[in-house]
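Novice: What follows is a single structure, and I will ask about it in a moment.
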Amino acid sequence: QVQLVESGGGSVQAGGSLRLSCAASGYTVLSGCMAWFRQAPGKEREGVAGISTGGRRITYADSVKGRFTISQENAKITLYLQMNSLKPEDTAMYYCAADRRTFCWVPSMDPNAYNYWGQGTQVTVSS
């Protein structure tokens, strides 16, 4: 059973930075795409950033391009999201997700494309 555990959330002022981490465990093979999603109260879950197998391709939501950076440490299957220049509209619960495929060429921003999810970590940005 694959488990994903996020950490690194917190409260910051606008313009600040946070680094989220997602540690995977319980897997035999976990080499597909991984991604970060977020969900604010009353809103749908939206894709923030995704990374393909081996980091060959990376996708960002337009709202975070130039401010957020997704990266992956393959040896430990740890996913990161460096968030800079945070804005109040970035406030949300952030989730890590992974798919069960052995190879993924293009990371999707559709939550239905992912099979495994973490419990989430809260990010709150004040103005």
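By convention here, the chains of the structure tokens are called A, B, ... in the order presented, each chain's residues are numbered starting at 1, and ligands are numbered starting at 1 in the order presented.
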Contacts of region 9-25 of chain A at 6 Å or less, counting only C-alpha atoms, minus same-chain residues fewer than 4 places along, as a PyMOL selection string?

Specialist: chain A and resi 2-5+77-87+121-127

Novice: Restricting the output to N, CA, C and O atoms, write the selected residues as an mmCIF file, in the first residue's frame.

Specialist:
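Writing done, so here's result23.cif:
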data_model
loop_
_atom_site.group_PDB
_atom_site.id
_atom_site.type_symbol
_atom_site.label_atom_id
_atom_site.label_comp_id
_atom_site.auth_asym_id
_atom_site.auth_seq_id
_atom_site.Cartn_x
_atom_site.Cartn_y
_atom_site.Cartn_z
ATOM 1 N N VAL A 2 0.744 2.040 -1.031
ATOM 2 C CA VAL A 2 1.547 3.257 -1.133
ATOM 3 C C VAL A 2 1.007 4.310 -0.176
ATOM 4 O O VAL A 2 -0.197 4.539 -0.096
ATOM 5 N N GLN A 3 1.901 4.929 0.552
ATOM 6 C CA GLN A 3 1.526 6.032 1.427
ATOM 7 C C GLN A 3 2.330 7.264 1.061
ATOM 8 O O GLN A 3 3.537 7.180 0.820
ATOM 9 N N LEU A 4 1.657 8.395 1.011
ATOM 10 C CA LEU A 4 2.299 9.671 0.746
ATOM 11 C C LEU A 4 2.062 10.582 1.942
ATOM 12 O O LEU A 4 0.920 10.725 2.391
ATOM 13 N N VAL A 5 3.117 11.168 2.454
ATOM 14 C CA VAL A 5 3.006 12.025 3.631
ATOM 15 C C VAL A 5 3.620 13.380 3.321
ATOM 16 O O VAL A 5 4.825 13.476 3.057
ATOM 17 N N ILE A 77 12.272 8.669 -3.460
ATOM 18 C CA ILE A 77 10.929 9.019 -3.910
ATOM 19 C C ILE A 77 10.338 10.095 -3.012
ATOM 20 O O ILE A 77 9.344 9.901 -2.301
ATOM 21 N N THR A 78 10.988 11.214 -3.000
ATOM 22 C CA THR A 78 10.511 12.374 -2.255
ATOM 23 C C THR A 78 10.241 13.492 -3.235
ATOM 24 O O THR A 78 11.072 13.800 -4.087
ATOM 25 N N LEU A 79 9.085 14.075 -3.110
ATOM 26 C CA LEU A 79 8.669 15.165 -3.987
ATOM 27 C C LEU A 79 8.701 16.467 -3.214
ATOM 28 O O LEU A 79 8.335 16.494 -2.035
ATOM 29 N N TYR A 80 9.157 17.524 -3.879
ATOM 30 C CA TYR A 80 9.254 18.825 -3.240
ATOM 31 C C TYR A 80 8.481 19.867 -4.037
ATOM 32 O O TYR A 80 8.299 19.754 -5.243
ATOM 33 N N LEU A 81 8.066 20.910 -3.321
ATOM 34 C CA LEU A 81 7.484 22.072 -3.977
ATOM 35 C C LEU A 81 8.033 23.310 -3.279
ATOM 36 O O LEU A 81 7.672 23.592 -2.127
ATOM 37 N N GLN A 82 8.934 24.004 -3.948
ATOM 38 C CA GLN A 82 9.465 25.258 -3.426
ATOM 39 C C GLN A 82 8.526 26.370 -3.854
ATOM 40 O O GLN A 82 8.304 26.563 -5.051
ATOM 41 N N MET A 83 7.994 27.089 -2.894
ATOM 42 C CA MET A 83 7.022 28.132 -3.172
ATOM 43 C C MET A 83 7.602 29.478 -2.738
ATOM 44 O O MET A 83 7.844 29.696 -1.547
ATOM 45 N N ASN A 84 7.819 30.351 -3.697
ATOM 46 C CA ASN A 84 8.348 31.690 -3.426
ATOM 47 C C ASN A 84 7.314 32.740 -3.790
ATOM 48 O O ASN A 84 6.359 32.467 -4.511
ATOM 49 N N SER A 85 7.534 33.943 -3.307
ATOM 50 C CA SER A 85 6.636 35.073 -3.600
ATOM 51 C C SER A 85 5.183 34.679 -3.374
ATOM 52 O O SER A 85 4.315 34.922 -4.224
ATOM 53 N N LEU A 86 4.917 34.101 -2.242
ATOM 54 C CA LEU A 86 3.574 33.611 -1.960
ATOM 55 C C LEU A 86 2.567 34.742 -1.880
ATOM 56 O O LEU A 86 2.878 35.856 -1.429
ATOM 57 N N LYS A 87 1.351 34.434 -2.325
ATOM 58 C CA LYS A 87 0.252 35.398 -2.340
ATOM 59 C C LYS A 87 -0.899 34.857 -1.496
ATOM 60 O O LYS A 87 -1.028 33.643 -1.330
ATOM 61 N N THR A 121 -1.241 19.182 3.501
ATOM 62 C CA THR A 121 -0.592 20.095 4.443
ATOM 63 C C THR A 121 -1.114 21.499 4.154
ATOM 64 O O THR A 121 -1.199 21.912 3.000
ATOM 65 N N GLN A 122 -1.480 22.210 5.211
ATOM 66 C CA GLN A 122 -2.119 23.515 5.051
ATOM 67 C C GLN A 122 -1.095 24.619 4.821
ATOM 68 O O GLN A 122 -0.095 24.712 5.544
ATOM 69 N N VAL A 123 -1.377 25.451 3.844
ATOM 70 C CA VAL A 123 -0.576 26.643 3.577
ATOM 71 C C VAL A 123 -1.492 27.853 3.706
ATOM 72 O O VAL A 123 -2.528 27.922 3.044
ATOM 73 N N THR A 124 -1.109 28.788 4.564
ATOM 74 C CA THR A 124 -1.895 30.002 4.774
ATOM 75 C C THR A 124 -1.002 31.216 4.556
ATOM 76 O O THR A 124 0.044 31.330 5.195
ATOM 77 N N VAL A 125 -1.419 32.085 3.640
ATOM 78 C CA VAL A 125 -0.641 33.273 3.313
ATOM 79 C C VAL A 125 -1.472 34.493 3.684
ATOM 80 O O VAL A 125 -2.571 34.678 3.176
ATOM 81 N N SER A 126 -0.941 35.319 4.552
ATOM 82 C CA SER A 126 -1.649 36.511 4.990
ATOM 83 C C SER A 126 -1.120 37.742 4.274
ATOM 84 O O SER A 126 0.062 37.819 3.915
ATOM 85 N N SER A 127 -2.001 38.708 4.099
ATOM 86 C CA SER A 127 -1.617 39.931 3.370
ATOM 87 C C SER A 127 -1.037 40.973 4.311
ATOM 88 O O SER A 127 -1.112 40.848 5.526
#

Novice: Considering only C-alpha atoms, can you say which of A:Arg57, A:Gln39, A:Gly47, A:Tyr27 comes closest to Tyr114 (chain A)?

Specialist: A:Gly47

Novice: Could you pull out the strand (DSSP E) residues of region 1-46 of chain A, going by DSSP on the backbone, and write them as a list in words?

Specialist: Gln3, Leu4, Val5, Glu6, Ser7, Gly10, Ser11, Val12, Gln13, Leu18, Arg19, Leu20, Ser21, Cys22, Ala23, Ala24, Ser25, Met34, Ala35, Trp36, Phe37, Arg38, Gln39 and Glu46 of chain A

Novice: Go through A:Gly26, A:Pro107, A:Pro41, A:Gly8 one by one, measure the shortest atom-to-atom distance of each to Thr53 (chain A) using only C-alpha atoms, and give the residue with the smallest value.

Specialist: A:Pro107

Novice: Mind pulling up the distance from CA of Ile51 (chain A) to CA of Ala35 (chain A)?

Specialist: 6.1 Å

Novice: When you draw a straight line from CA of Tyr95 (chain A) to CA of Gln119 (chain A), how long is it in Å?

Specialist: 6.7 Å

Novice: Using DSSP on the backbone coordinates, identify all residues within region 17-124 of chain A classified as helix (DSSP H, G or I); present the result as a PyMOL selection string.

Specialist: chain A and resi 53-55+88-90+111-113

Novice: So which one's closest to Thr102 (chain A), A:Gln1, A:Ser7, A:Ser52, A:Gln72? Using only C-alpha atoms, please.

Specialist: A:Ser52

Novice: Quick one: pull the distance between CA of Arg100 (chain A) and CA of Gly55 (chain A), Å, one decimal.

Specialist: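 Computed distance, CA of Arg100 (chain A) to CA of Gly55 (chain A), equals 16.0 Å.
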